[in-house]
Amino acid sequence: MDYFPGNWGNPRPRDILSTNDYFPGRPGDVALANPVQHTRQPIVTGTSVLGIKYKDGIMLAADTLASYGSLAQIRDMKRLGVFGNTIIGCSGDMSDWQHIQHMLGELLVQEFQEDDGHTLGPKNIYEYLSRVMYHRRSEQNPLWNSLVVGGLQDGKFLGFVDLQGTTYQSSTIATGYGAYIAQPLLRKAVEGREDTLTEEEAIKVLDDSMRVLFYRDARSLNKIQRAKITKDGASITEPYSLDTYWGFAENIRGYGAVYDRN
């Protein structure tokens, strides 16, 4: 590793790379021929993704922030995608999310080229992702993501896949910090109403939950997107900002409020 900040982001000279200074105990040519390429930890990350079933199909929501540690680095990151008749939301490492998008794009192209009358549905992509994530985890080189997969295939489908290949299906799913804060809100609003919840009600549930996450999650943003899939097809909204209110903060200890010590 190059510990000199002045060299970060700049190509290293060949004479430096050919020495053992950066690879102590290893010949320079061996180190160059066999670089370690495993992702040791996520770098630029996105936080919660929420997903619910409603009367007409599936709806997902995610904010557009990608954080570099505590730095709000990218404020227009698209963390929702449409892949054929499947919608996917992603939290975790954004470079791994880009890799997954390219991988799924190639898979859909290959399936189209077969021209056998079959298409990949959400259940097929869900199973494919679970095998990919488990394989990468077994290779000690995981894709550092949690994915929410939704679509219509023999009914409404909503599933979760994480970096270990763990999977489950539910009528409400939340990743990241949303699994602790938003999941109870989603369950209260959706469970038992999957076939009666209107699109307007589903939007309100997701907007309210994302607003709560913005209040509570330091790695979130009030600029969000929604994706939905119905019998008419899939679509993703343009990013929009949620209205927020911070007037209550002045009465909460830790927000700069002044208290009488007497």
# chains A, B, ... in the order shown; residues from 1 in each chain; ligands from 1

call {"tool": "select_by_dssp", "arguments": {"residues": "range 55-246 of chain A", "states": "strand (DSSP E)", "output": "JSON, numbers by chain"}}
result
{"A": [57, 58, 59, 60, 61, 62, 63, 66, 67, 68, 71, 72, 73, 74, 80, 81, 82, 83, 86, 87, 88, 89, 90, 91, 92, 93, 145, 146, 147, 148, 149, 150, 151, 152, 156, 157, 158, 159, 160, 161, 167, 168, 169, 172, 173, 174, 223, 224, 225, 226, 227, 228, 229, 230, 233, 234, 235, 236, 240, 241]}

call {"tool": "residues_around", "arguments": {"residues": "range 222-239 of chain A", "least_positions_apart": "6", "cutoff": "7 Å", "atoms": "only C-alpha atoms", "output": "list of chain:residue names"}}
result
A:Asp56, A:Gly57, A:Ile58, A:Met59, A:Leu60, A:Ala61, A:Ala62, A:Asp63, A:Thr64, A:Leu80, A:Val82, A:Asn85, A:Gly151, A:Arg211, A:Phe214

call {"tool": "atom_distance", "arguments": {"atom1": "CA of Leu185 in chain A", "atom2": "CA of Gly51 in chain A"}}
result
12.0 Å

call {"tool": "residues_around", "arguments": {"residues": "Lys123 in chain A", "least_positions_apart": "2", "cutoff": "10 Å", "atoms": "only C-alpha atoms", "output": "ChimeraX atom specification"}}
result
/A:86,120-121,125-129,149-154,157-159

call {"tool": "write_last_selection", "arguments": {"atoms": "C-alpha atoms", "output": "PDB file, in the first residue's frame"}}
result
ATOM      1  CA  THR A  86     -37.943  -7.316 -12.455  1.00  0.00           C
ATOM      2  CA  LEU A 120     -36.191 -14.435 -16.963  1.00  0.00           C
ATOM      3  CA  GLY A 121     -38.735 -13.507 -14.316  1.00  0.00           C
ATOM      4  CA  ILE A 125     -33.203 -13.551 -11.150  1.00  0.00           C
ATOM      5  CA  TYR A 126     -33.714 -13.957  -7.397  1.00  0.00           C
ATOM      6  CA  GLU A 127     -32.389 -17.530  -7.478  1.00  0.00           C
ATOM      7  CA  TYR A 128     -29.534 -16.518  -9.772  1.00  0.00           C
ATOM      8  CA  LEU A 129     -28.454 -13.725  -7.433  1.00  0.00           C
ATOM      9  CA  VAL A 149     -35.932  -8.194  -5.735  1.00  0.00           C
ATOM     10  CA  GLY A 150     -39.518  -7.631  -6.820  1.00  0.00           C
ATOM     11  CA  GLY A 151     -41.790  -8.473  -9.726  1.00  0.00           C
ATOM     12  CA  LEU A 152     -44.816 -10.342 -10.997  1.00  0.00           C
ATOM     13  CA  GLN A 153     -44.427 -14.056 -11.713  1.00  0.00           C
ATOM     14  CA  ASP A 154     -47.256 -16.358 -10.713  1.00  0.00           C
ATOM     15  CA  PHE A 157     -43.018 -11.660  -5.660  1.00  0.00           C
ATOM     16  CA  LEU A 158     -40.761  -9.820  -3.191  1.00  0.00           C
ATOM     17  CA  GLY A 159     -37.497 -11.330  -1.965  1.00  0.00           C
TER      18      GLY A 159
END

call {"tool": "residues_around", "arguments": {"residues": "range 169-177 of chain A", "least_positions_apart": "5", "cutoff": "7 Å", "atoms": "only C-alpha atoms", "output": "JSON, numbers by chain"}}
result
{"A": [47, 48, 49, 50, 51, 52, 53, 91, 146, 158, 159, 160, 182, 183, 186, 187, 191, 217]}

call {"tool": "atom_distance", "arguments": {"atom1": "CA of Thr119 in chain A", "atom2": "CA of Ile87 in chain A"}}
result
14.6 Å

call {"tool": "atom_distance", "arguments": {"atom1": "CA of Tyr134 in chain A", "atom2": "CA of Gln164 in chain A"}}
result
5.4 Å
